[in-house]
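S.K.: Here you go, final.pdb (PDB, C-alpha atoms and all ligand atoms):
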MODEL        1
ATOM      1  CA  MET A 255     -11.204  34.149  26.957
ATOM      2  CA  ALA A 256     -10.386  35.612  23.547
ATOM      3  CA  ARG A 257      -8.007  33.342  21.704
ATOM      4  CA  LEU A 258      -4.485  34.722  21.778
ATOM      5  CA  ASP A 259      -2.067  34.193  18.976
ATOM      6  CA  VAL A 260      -0.051  31.044  19.696
ATOM      7  CA  GLU A 261       3.264  32.936  19.714
ATOM      8  CA  THR A 262       1.791  35.678  21.913
ATOM      9  CA  TYR A 263       0.718  33.216  24.595
ATOM     10  CA  HIS A 264       4.102  31.559  24.987
ATOM     11  CA  ILE A 265       7.034  30.621  22.754
ATOM     12  CA  PRO A 266       7.968  27.018  23.611
ATOM     13  CA  VAL A 267      11.555  26.600  24.790
ATOM     14  CA  MET A 268      13.919  23.966  23.320
ATOM     15  CA  LEU A 269      11.009  22.448  21.423
ATOM     16  CA  ARG A 270      13.110  20.308  19.088
ATOM     17  CA  GLU A 271      15.327  19.059  21.924
ATOM     18  CA  CYS A 272      12.352  18.176  24.153
ATOM     19  CA  ILE A 273      10.565  16.232  21.424
ATOM     20  CA  SER A 274      13.651  14.374  20.243
ATOM     21  CA  HIS A 275      14.491  13.405  23.845
ATOM     22  CA  LEU A 276      10.989  12.117  24.474
ATOM     23  CA  ALA A 277      11.906   9.521  21.780
ATOM     24  CA  MET A 278       8.195   9.096  21.093
ATOM     25  CA  VAL A 279       6.731   5.835  19.904
ATOM     26  CA  PRO A 280       3.744   6.747  17.699
ATOM     27  CA  HIS A 281       1.187   4.589  19.543
ATOM     28  CA  GLY A 282       2.314   5.512  23.040
ATOM     29  CA  VAL A 283       0.821   7.271  26.057
ATOM     30  CA  TYR A 284       2.437  10.612  26.927
ATOM     31  CA  VAL A 285       1.992  13.295  29.545
ATOM     32  CA  ASP A 286       2.613  17.012  29.194
ATOM     33  CA  GLY A 287       2.476  18.080  32.844
ATOM     34  CA  THR A 288       2.736  21.794  32.000
ATOM     35  CA  LEU A 289       0.432  22.501  29.065
ATOM     36  CA  GLY A 290       0.684  26.344  29.121
ATOM     37  CA  GLY A 291       0.063  27.626  25.585
ATOM     38  CA  GLY A 292       0.244  24.074  24.218
ATOM     39  CA  GLY A 293       3.448  24.508  22.184
ATOM     40  CA  HIS A 294       5.048  21.252  23.325
ATOM     41  CA  THR A 295       1.714  19.423  23.230
ATOM     42  CA  ALA A 296       1.211  20.502  19.605
ATOM     43  CA  ALA A 297       4.623  19.086  18.694
ATOM     44  CA  MET A 298       3.818  15.846  20.548
ATOM     45  CA  LEU A 299       0.523  15.574  18.622
ATOM     46  CA  SER A 300       2.385  15.964  15.340
ATOM     47  CA  VAL A 301       4.273  12.731  16.107
ATOM     48  CA  ALA A 302       1.355  10.828  17.690
ATOM     49  CA  ALA A 303      -0.504   8.103  15.762
ATOM     50  CA  GLU A 304      -4.312   7.897  15.746
ATOM     51  CA  ASP A 305      -4.405   5.586  18.761
ATOM     52  CA  ALA A 306      -1.851   7.520  20.840
ATOM     53  CA  ARG A 307      -2.927   9.466  23.934
ATOM     54  CA  ILE A 308      -1.512  12.672  25.344
ATOM     55  CA  TYR A 309      -2.676  13.748  28.797
ATOM     56  CA  ALA A 310      -1.955  17.444  29.249
ATOM     57  CA  PHE A 311      -2.190  19.044  32.699
ATOM     58  CA  ASP A 312      -2.254  22.629  33.828
ATOM     59  CA  ALA A 313      -3.209  24.087  37.187
ATOM     60  CA  ASP A 314      -4.178  27.356  35.514
ATOM     61  CA  GLU A 315      -7.677  27.397  34.051
ATOM     62  CA  LYS A 316      -6.679  30.117  31.557
ATOM     63  CA  ALA A 317      -4.126  27.748  30.009
ATOM     64  CA  ILE A 318      -6.796  25.046  29.746
ATOM     65  CA  GLU A 319      -9.259  27.503  28.143
ATOM     66  CA  HIS A 320      -6.631  28.675  25.677
ATOM     67  CA  CYS A 321      -5.826  25.098  24.662
ATOM     68  CA  GLN A 322      -9.493  24.082  24.427
ATOM     69  CA  SER A 323      -9.649  26.687  21.700
ATOM     70  CA  ARG A 324      -6.223  25.928  20.164
ATOM     71  CA  PHE A 325      -6.928  22.178  19.947
ATOM     72  CA  ALA A 326     -10.711  22.433  19.347
ATOM     73  CA  GLU A 327     -10.574  20.257  16.222
ATOM     74  CA  GLU A 328      -8.632  17.456  17.928
ATOM     75  CA  LEU A 329     -10.829  17.641  21.045
ATOM     76  CA  SER A 330     -14.023  17.574  18.963
ATOM     77  CA  ARG A 331     -13.304  13.909  18.234
ATOM     78  CA  GLY A 332     -14.528  13.087  21.757
ATOM     79  CA  ASP A 333     -13.395   9.644  22.942
ATOM     80  CA  ALA A 334     -11.324   9.266  19.764
ATOM     81  CA  SER A 335      -9.340  12.414  20.531
ATOM     82  CA  ARG A 336      -5.638  11.795  21.105
ATOM     83  CA  LEU A 337      -5.582  14.692  23.557
ATOM     84  CA  VAL A 338      -7.047  14.808  27.055
ATOM     85  CA  LEU A 339      -6.844  18.146  28.884
ATOM     86  CA  VAL A 340      -6.734  17.918  32.666
ATOM     87  CA  HIS A 341      -7.232  21.004  34.800
ATOM     88  CA  ALA A 342      -5.249  19.929  37.848
ATOM     89  CA  ASN A 343      -1.926  20.262  39.555
ATOM     90  CA  PHE A 344       0.627  17.961  37.985
ATOM     91  CA  ASP A 345       1.226  16.310  41.347
ATOM     92  CA  THR A 346      -2.069  14.465  40.750
ATOM     93  CA  MET A 347      -0.844  12.926  37.491
ATOM     94  CA  ALA A 348       0.142   9.524  38.875
ATOM     95  CA  ASP A 349      -3.357   9.053  40.324
ATOM     96  CA  VAL A 350      -5.056  10.220  37.121
ATOM     97  CA  LEU A 351      -2.907   7.934  34.975
ATOM     98  CA  LYS A 352      -3.267   4.940  37.272
ATOM     99  CA  GLU A 353      -7.021   5.245  36.907
ATOM    100  CA  ARG A 354      -7.167   5.978  33.168
ATOM    101  CA  VAL A 355      -4.102   4.207  31.745
ATOM    102  CA  ILE A 356      -2.470   1.714  34.095
ATOM    103  CA  SER A 357      -5.807   0.140  35.111
ATOM    104  CA  CYS A 358      -6.421  -0.521  31.378
ATOM    105  CA  GLY A 359      -3.159  -2.480  31.121
ATOM    106  CA  GLN A 360      -1.154   0.284  29.425
ATOM    107  CA  ALA A 361       1.931   2.142  30.663
ATOM    108  CA  VAL A 362       3.220   5.691  30.322
ATOM    109  CA  ASN A 363       5.832   6.106  27.599
ATOM    110  CA  GLY A 364       6.994   9.600  28.457
ATOM    111  CA  ILE A 365       6.498  12.689  30.588
ATOM    112  CA  LEU A 366       7.420  16.262  29.849
ATOM    113  CA  LEU A 367       7.624  19.014  32.464
ATOM    114  CA  ASP A 368       8.409  22.563  31.326
ATOM    115  CA  LEU A 369       8.388  24.235  34.719
ATOM    116  CA  GLY A 370       7.482  27.691  35.962
ATOM    117  CA  VAL A 371       5.197  30.241  34.365
ATOM    118  CA  SER A 372       4.229  30.972  30.775
ATOM    119  CA  SER A 373       4.793  34.352  29.135
ATOM    120  CA  PHE A 374       1.019  34.821  29.207
ATOM    121  CA  GLN A 375       0.900  34.423  32.980
ATOM    122  CA  PHE A 376       3.873  36.705  33.358
ATOM    123  CA  ASP A 377       2.720  39.465  31.046
ATOM    124  CA  HIS A 378      -1.054  39.437  31.054
ATOM    125  CA  HIS A 379      -2.351  37.943  34.252
ATOM    126  CA  HIS A 380      -3.337  40.132  37.112
ATOM    127  CA  ARG A 381      -2.090  37.668  39.661
ATOM    128  CA  GLY A 382       1.085  39.437  40.620
ATOM    129  CA  PHE A 383       3.681  37.172  38.958
ATOM    130  CA  SER A 384       5.572  40.167  37.569
ATOM    131  CA  PHE A 385       6.852  43.258  39.326
ATOM    132  CA  ARG A 386       6.253  45.173  36.078
ATOM    133  CA  HIS A 387       2.459  45.088  36.457
ATOM    134  CA  MET A 388       0.397  46.541  39.270
ATOM    135  CA  ALA A 389      -1.707  43.688  40.705
ATOM    136  CA  PRO A 390      -2.653  41.993  43.977
ATOM    137  CA  LEU A 391       0.305  39.964  45.311
ATOM    138  CA  ASP A 392      -1.363  36.621  44.703
ATOM    139  CA  MET A 393       0.833  34.320  42.523
ATOM    140  CA  ARG A 394      -1.246  31.152  43.017
ATOM    141  CA  PHE A 395      -1.734  28.939  39.962
ATOM    142  CA  MET A 396      -5.044  27.830  41.494
ATOM    143  CA  PRO A 397      -7.196  29.943  43.812
ATOM    144  CA  GLU A 398      -6.464  27.952  46.988
ATOM    145  CA  GLY A 399      -3.998  28.255  49.854
ATOM    146  CA  GLU A 400      -1.715  31.136  50.855
ATOM    147  CA  THR A 401      -1.029  34.067  48.536
ATOM    148  CA  ALA A 402       2.340  35.826  48.201
ATOM    149  CA  ALA A 403       0.939  38.680  50.317
ATOM    150  CA  ASP A 404      -0.020  36.182  53.057
ATOM    151  CA  ILE A 405       3.547  34.882  53.094
ATOM    152  CA  LEU A 406       5.033  38.390  53.339
ATOM    153  CA  ASN A 407       2.583  39.334  56.095
ATOM    154  CA  THR A 408       2.847  36.222  58.274
ATOM    155  CA  ARG A 409       6.213  34.437  57.967
ATOM    156  CA  THR A 410       9.006  35.255  60.404
ATOM    157  CA  GLU A 411      11.987  37.225  59.136
ATOM    158  CA  PRO A 412      14.284  34.135  59.151
ATOM    159  CA  GLU A 413      11.631  32.200  57.178
ATOM    160  CA  LEU A 414      11.376  34.986  54.610
ATOM    161  CA  ALA A 415      15.157  35.196  54.308
ATOM    162  CA  GLN A 416      15.284  31.455  53.677
ATOM    163  CA  ILE A 417      12.631  31.710  50.944
ATOM    164  CA  PHE A 418      14.524  34.518  49.186
ATOM    165  CA  ARG A 419      17.849  32.690  49.470
ATOM    166  CA  ASP A 420      16.734  29.150  48.648
ATOM    167  CA  PHE A 421      14.234  29.921  45.887
ATOM    168  CA  GLY A 422      15.727  33.138  44.495
ATOM    169  CA  ASP A 423      19.481  32.958  45.245
ATOM    170  CA  GLU A 424      19.008  36.478  46.616
ATOM    171  CA  PRO A 425      22.275  37.842  48.118
ATOM    172  CA  GLN A 426      20.417  40.501  50.189
ATOM    173  CA  ALA A 427      17.914  37.987  51.593
ATOM    174  CA  TRP A 428      18.422  38.923  55.256
ATOM    175  CA  ARG A 429      18.374  42.648  54.711
ATOM    176  CA  LEU A 430      15.167  42.456  52.664
ATOM    177  CA  ALA A 431      13.479  40.114  55.152
ATOM    178  CA  LYS A 432      14.241  42.536  57.994
ATOM    179  CA  ALA A 433      12.936  45.488  55.986
ATOM    180  CA  ILE A 434       9.724  43.560  55.238
ATOM    181  CA  GLY A 435       9.329  42.795  58.956
ATOM    182  CA  GLN A 436       9.537  46.515  59.753
ATOM    183  CA  ARG A 437       7.340  47.667  56.864
ATOM    184  CA  ARG A 438       4.472  45.316  57.671
ATOM    185  CA  GLN A 439       4.145  46.760  61.179
ATOM    186  CA  LEU A 440       3.017  49.964  59.458
ATOM    187  CA  ALA A 441       0.937  48.480  56.630
ATOM    188  CA  ARG A 442       0.320  44.979  55.359
ATOM    189  CA  PHE A 443       1.623  43.974  51.937
ATOM    190  CA  ALA A 444      -1.187  43.791  49.398
ATOM    191  CA  THR A 445       0.047  44.616  45.886
ATOM    192  CA  THR A 446       3.079  44.200  43.632
ATOM    193  CA  ALA A 447       3.691  47.941  44.097
ATOM    194  CA  ASP A 448       4.117  47.466  47.873
ATOM    195  CA  LEU A 449       6.981  45.007  47.344
ATOM    196  CA  ARG A 450       8.432  46.999  44.489
ATOM    197  CA  ASP A 451       8.536  50.156  46.672
ATOM    198  CA  LEU A 452      10.334  48.254  49.415
ATOM    199  CA  VAL A 453      13.029  47.107  46.972
ATOM    200  CA  ILE A 454      13.372  50.653  45.639
ATOM    201  CA  GLN A 455      13.977  51.889  49.225
ATOM    202  CA  GLN A 456      16.508  49.184  50.081
ATOM    203  CA  ILE A 457      18.532  48.476  46.934
ATOM    204  CA  PRO A 458      20.629  50.745  44.666
ATOM    205  CA  PRO A 459      18.877  51.512  41.348
ATOM    206  CA  GLN A 460      21.230  49.459  39.152
ATOM    207  CA  HIS A 461      20.443  46.270  41.140
ATOM    208  CA  GLN A 462      16.694  46.807  41.564
ATOM    209  CA  PRO A 463      15.378  44.911  38.487
ATOM    210  CA  LYS A 464      17.383  41.757  39.308
ATOM    211  CA  THR A 465      16.468  41.907  42.990
ATOM    212  CA  MET A 466      12.783  42.281  42.134
ATOM    213  CA  ALA A 467      12.970  39.371  39.689
ATOM    214  CA  ARG A 468      14.594  37.168  42.348
ATOM    215  CA  LEU A 469      12.094  38.140  45.078
ATOM    216  CA  PHE A 470       9.082  37.599  42.841
ATOM    217  CA  GLN A 471      10.396  34.246  41.624
ATOM    218  CA  SER A 472      11.140  33.047  45.156
ATOM    219  CA  LEU A 473       7.674  34.018  46.389
ATOM    220  CA  ARG A 474       6.010  32.237  43.445
ATOM    221  CA  ILE A 475       7.976  29.073  44.175
ATOM    222  CA  ALA A 476       7.013  29.263  47.870
ATOM    223  CA  VAL A 477       3.322  30.011  47.197
ATOM    224  CA  ASN A 478       2.915  27.064  44.845
ATOM    225  CA  ARG A 479       5.255  24.750  46.809
ATOM    226  CA  GLU A 480       6.922  24.140  43.473
ATOM    227  CA  LEU A 481       9.991  22.180  44.596
ATOM    228  CA  ASP A 482       8.058  19.794  46.879
ATOM    229  CA  ARG A 483       5.503  19.184  44.145
ATOM    230  CA  LEU A 484       8.177  18.599  41.528
ATOM    231  CA  GLU A 485       9.922  16.027  43.702
ATOM    232  CA  SER A 486       6.744  14.171  44.693
ATOM    233  CA  THR A 487       5.539  14.144  41.068
ATOM    234  CA  LEU A 488       8.784  12.677  39.745
ATOM    235  CA  LEU A 489       8.850  10.063  42.516
ATOM    236  CA  SER A 490       5.228   9.042  41.917
ATOM    237  CA  MET A 491       5.704   8.747  38.141
ATOM    238  CA  ILE A 492       8.815   6.552  38.070
ATOM    239  CA  PRO A 493       6.920   3.348  38.973
ATOM    240  CA  ILE A 494       4.310   3.798  36.234
ATOM    241  CA  LEU A 495       6.748   4.498  33.398
ATOM    242  CA  ALA A 496       7.026   1.837  30.691
ATOM    243  CA  PRO A 497      10.431   0.220  30.101
ATOM    244  CA  HIS A 498      12.453   2.772  28.069
ATOM    245  CA  GLY A 499       9.856   5.416  29.017
ATOM    246  CA  ARG A 500      11.392   8.883  29.240
ATOM    247  CA  VAL A 501      11.191  11.734  31.755
ATOM    248  CA  VAL A 502      12.091  15.094  30.195
ATOM    249  CA  VAL A 503      12.258  18.071  32.564
ATOM    250  CA  MET A 504      13.084  21.666  31.744
ATOM    251  CA  SER A 505      13.809  23.867  34.744
ATOM    252  CA  TYR A 506      14.571  27.572  35.025
ATOM    253  CA  HIS A 507      16.053  27.837  38.505
ATOM    254  CA  SER A 508      18.960  26.117  40.259
ATOM    255  CA  GLY A 509      16.675  24.740  43.013
ATOM    256  CA  GLU A 510      14.416  23.011  40.464
ATOM    257  CA  ASP A 511      17.371  21.660  38.532
ATOM    258  CA  ARG A 512      18.858  20.254  41.759
ATOM    259  CA  VAL A 513      15.624  18.401  42.568
ATOM    260  CA  VAL A 514      15.577  16.815  39.088
ATOM    261  CA  LYS A 515      19.266  15.844  39.246
ATOM    262  CA  ASN A 516      18.884  14.345  42.716
ATOM    263  CA  VAL A 517      15.784  12.313  41.884
ATOM    264  CA  PHE A 518      17.455  10.916  38.756
ATOM    265  CA  ARG A 519      20.639  10.137  40.692
ATOM    266  CA  SER A 520      18.939   8.585  43.717
ATOM    267  CA  HIS A 521      16.893   6.285  41.440
ATOM    268  CA  GLY A 522      19.840   5.086  39.403
ATOM    269  CA  ASP A 523      18.650   1.467  39.863
ATOM    270  CA  THR A 524      15.414   2.307  37.985
ATOM    271  CA  LEU A 525      16.433   5.227  35.771
ATOM    272  CA  THR A 526      19.329   5.788  33.389
ATOM    273  CA  THR A 527      20.264   9.457  33.173
ATOM    274  CA  ILE A 528      20.528  10.318  29.473
ATOM    275  CA  THR A 529      21.865  13.851  29.950
ATOM    276  CA  LYS A 530      25.052  13.639  32.036
ATOM    277  CA  LYS A 531      25.134  17.432  31.830
ATOM    278  CA  ALA A 532      22.026  19.609  31.509
ATOM    279  CA  ILE A 533      21.251  20.737  27.947
ATOM    280  CA  GLU A 534      21.033  24.504  27.409
ATOM    281  CA  ALA A 535      19.344  26.478  24.648
ATOM    282  CA  SER A 536      21.492  27.521  21.685
ATOM    283  CA  PRO A 537      22.693  31.157  21.475
ATOM    284  CA  GLU A 538      20.367  31.597  18.472
ATOM    285  CA  GLU A 539      17.342  30.484  20.500
ATOM    286  CA  VAL A 540      18.312  32.709  23.445
ATOM    287  CA  TYR A 541      18.643  35.636  21.038
ATOM    288  CA  GLU A 542      15.171  34.955  19.629
ATOM    289  CA  ASN A 543      13.595  34.133  22.997
ATOM    290  CA  PRO A 544      15.492  35.510  26.040
ATOM    291  CA  ARG A 545      13.310  33.365  28.344
ATOM    292  CA  ALA A 546      15.284  30.346  27.110
ATOM    293  CA  ARG A 547      18.488  31.687  28.707
ATOM    294  CA  SER A 548      18.016  30.026  32.096
ATOM    295  CA  ALA A 549      16.463  26.778  30.795
ATOM    296  CA  ARG A 550      18.173  23.505  31.767
ATOM    297  CA  LEU A 551      16.935  20.288  30.207
ATOM    298  CA  ARG A 552      17.499  16.909  31.873
ATOM    299  CA  VAL A 553      16.351  13.527  30.615
ATOM    300  CA  ALA A 554      16.188  10.069  32.184
ATOM    301  CA  GLU A 555      14.947   6.723  30.856
ATOM    302  CA  ARG A 556      13.317   3.867  32.724
ATOM    303  CA  ARG A 557      15.533   0.784  32.708
ATOM    304  CA  PRO A 558      13.935  -2.258  30.999
TER     305      PRO A 558
HETATM  306  C1  LIG B   1       6.515  27.310  31.110
HETATM  307  S1  LIG B   1       4.810  27.111  30.999
HETATM  308  C2  LIG B   1       4.632  25.770  29.877
HETATM  309  C3  LIG B   1       4.638  26.229  28.460
HETATM  310  C4  LIG B   1       4.320  25.133  27.461
HETATM  311  N1  LIG B   1       5.318  24.102  27.454
HETATM  312  C5  LIG B   1       4.147  25.714  26.074
HETATM  313  O1  LIG B   1       4.867  25.293  25.145
HETATM  314  O2  LIG B   1       3.308  26.597  25.905
HETATM  315  C6  LIG B   1       4.426  26.309  32.506
HETATM  316  C7  LIG B   1       2.946  25.991  32.684
HETATM  317  O3  LIG B   1       2.879  25.013  33.713
HETATM  318  C8  LIG B   1       1.848  25.331  34.599
HETATM  319  N2  LIG B   1       2.251  24.791  35.896
HETATM  320  C9  LIG B   1       3.299  25.152  36.660
HETATM  321  N3  LIG B   1       3.358  24.384  37.766
HETATM  322  C10 LIG B   1       2.322  23.516  37.676
HETATM  323  C11 LIG B   1       1.855  22.468  38.503
HETATM  324  N4  LIG B   1       2.456  22.165  39.658
HETATM  325  N5  LIG B   1       0.788  21.761  38.089
HETATM  326  C12 LIG B   1       0.154  22.054  36.915
HETATM  327  N6  LIG B   1       0.543  23.052  36.103
HETATM  328  C13 LIG B   1       1.621  23.758  36.475
HETATM  329  C14 LIG B   1       1.726  26.831  34.582
HETATM  330  O4  LIG B   1       0.408  27.218  34.924
HETATM  331  C15 LIG B   1       2.088  27.154  33.132
HETATM  332  O5  LIG B   1       0.944  27.244  32.340
ENDMDL
END
Here is the file; what I need is its structure written in the form of structure tokens.
M.R.:
Amino acid sequence: MARLDVETYHIPVMLRECISHLAMVPHGVYVDGTLGGGGHTAAMLSVAAEDARIYAFDADEKAIEHCQSRFAEELSRGDASRLVLVHANFDTMADVLKERVISCGQAVNGILLDLGVSSFQFDHHHRGFSFRHMAPLDMRFMPEGETAADILNTRTEPELAQIFRDFGDEPQAWRLAKAIGQRRQLARFATTADLRDLVIQQIPPQHQPKTMARLFQSLRIAVNRELDRLESTLLSMIPILAPHGRVVVMSYHSGEDRVVKNVFRSHGDTLTTITKKAIEASPEEVYENPRARSARLRVAERRP
């Protein structure tokens, strides 16, 4: 893949806040569970000492390829490199770290999760993440399991309504689910245009962009089982965090934020919640990068 300009791939959200809340110790072991364009990883590397390690995961091979190029110099140091790129779902991170870190007598000093999709995936991929681009309705981070089209073509109307409501906060969830049920008897859903056309038929023009954004987001969350994976990842990582190790999670949807809040709260014996209220991006950042508008940052620390 041709190397994209760093800013073109993805502008990292709340970079300063994320790094300061990781409270990095220079010789520590850190995990960036959502590498993307590598913006947060680059900032972590700028704080890391020569013997630090950063394990950076992404399920999307394009993100890994981009960062192999972005961090080529660091990676060229082989075993001495402070950065290890892992092409895998972040729900495998506890297993990877147990094998590579915990079994060597070390612990994990901090984890960062910057959830959702990168601007690159949204704007350039032909995987159907955005209603603005004609593409197959796929939306999988990795080419395995059900696509968004499969979900639209096979789930019952109540199941579809629940997906749109729970993962998209869509007020017209029932109406849209019913319309999808009728439409697919005539022709199966295959492309972003098929879903876009359905919204155009059902929803007044002034509400169409928001409805499409909510439907596409909810399908992406369902396809990638994002909330289940987030919860299981947080639960599996708590036991392998070092004392005072930090978990820093940035979410972009109320369902994700709820999962983070609940895991932190239900593990109050092990974790201290550092952010009593979620941190939001400053108006200046939102002006510069509108994607930051919905970001909510929560931080917890492992009790000693
Ligand atoms: C918002 S972007 C991260 C951007 C990154 N922080 C940066 O500064 O460029 C989210 C990234 O996480 C990846 N991702 C989302 N869910 C994932 C999962 N369950 N496992 C691994 N990677 C995931 C996506 O493929 C995407 O590249």
S.K.: Using all atoms listed in the file - which residues lie no farther than 7 Å from the point (-3.9, 40.9, 38.2) in the file's frame? Write them as number ranges by chain.
M.R.: A: 379-382, 389-390
S.K.: Limited to C-alpha atoms, could you put the picked residues into a file as a compact mmCIF listing (two decimals), in the coordinates of the input?
M.R.:
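The resulting part00.txt:
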# COMPACT_ATOMS: atom_id res chain seq x y z
CA HIS A 379 -2.35 37.94 34.25
CA HIS A 380 -3.34 40.13 37.11
CA ARG A 381 -2.09 37.67 39.66
CA GLY A 382 1.08 39.44 40.62
CA ALA A 389 -1.71 43.69 40.70
CA PRO A 390 -2.65 41.99 43.98
S.K.: If the PyMOL selection byres (((chain A and resi 319) around 12) and not hetatm) were run on this exact file, what residues would it hold? Put them as a ChimeraX atom specification.
M.R.: /A:255-258,289-292,311-318,320-326,339-341
S.K.: Exactly which residues make up the result of the PyMOL selection byres (((not hetatm)) within 8 of (chain B and resi 1)) on this file, given as a PyMOL selection string?
M.R.: chain A and resi 263-267+269+286-295+311-314+317+341-345+367-373+375+395+478+480+483-484
S.K.: If the PyMOL selection byres (((chain A and resi 281) around 7) and not hetatm) is run on the structure shown, which residues does it catch, given as a PyMOL selection string?
M.R.: chain A and resi 279-280+282+302-303+305-306
S.K.: Excluding Arg442 of chain A and its own-chain neighbours fewer than 5 positions away, which residues fall within 12 Å of it when counting all atoms listed in the file? Please give them as a count of residues only.
M.R.: 14
S.K.: Please tabulate, as JSON lines, the residues of segment 257-355 of chain A that come within 9 Å of segment 547-557 of chain A, each with its closest pair of atoms and the distance in Å to one decimal, counting only C-alpha atoms and ordering rows by chain, then residue number upward.
M.R.:
{"residue": "A:Val267", "atom": "CA", "partner": "A:Ala549", "partner_atom": "CA", "distance": 7.8}
{"residue": "A:Met268", "atom": "CA", "partner": "A:Leu551", "partner_atom": "CA", "distance": 8.4}
{"residue": "A:Glu271", "atom": "CA", "partner": "A:Leu551", "partner_atom": "CA", "distance": 8.5}
{"residue": "A:Cys272", "atom": "CA", "partner": "A:Leu551", "partner_atom": "CA", "distance": 7.9}
{"residue": "A:His275", "atom": "CA", "partner": "A:Val553", "partner_atom": "CA", "distance": 7.0}
{"residue": "A:Leu276", "atom": "CA", "partner": "A:Val553", "partner_atom": "CA", "distance": 8.3}
S.K.: Give the answer as one residue: which of A:Glu328, A:Phe383, A:Asp377, A:Leu337 has the shortest atom-to-atom distance to Arg474 of chain A, using all atoms listed in the file?
M.R.: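 Of A:Glu328, A:Phe383, A:Asp377, A:Leu337, the one nearest Arg474 of chain A, counting all atoms listed in the file, is A:Phe383.
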S.K.: Restricting the calculation to all atoms listed in the file, which member of A:Thr487, A:Thr465, A:Ser508, A:Ser335 is positioned closest to Asp420 of chain A?
M.R.: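 Nearest candidate to Asp420 of chain A out of A:Thr487, A:Thr465, A:Ser508, A:Ser335: A:Ser508.
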S.K.: Which residue out of A:Glu538, A:Gln456, A:Ala415, A:Thr262 has the minimum interatomic distance to Phe374 of chain A when all atoms listed in the file are used?
M.R.: A:Thr262
S.K.: Given all atoms listed in the file as the basis, pick out the residue of A:His521, A:Lys530, A:Arg450, A:Arg545 nearest to Ser505 of chain A.
M.R.: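 Of all the options, A:Arg545 lies closest to Ser505 of chain A.
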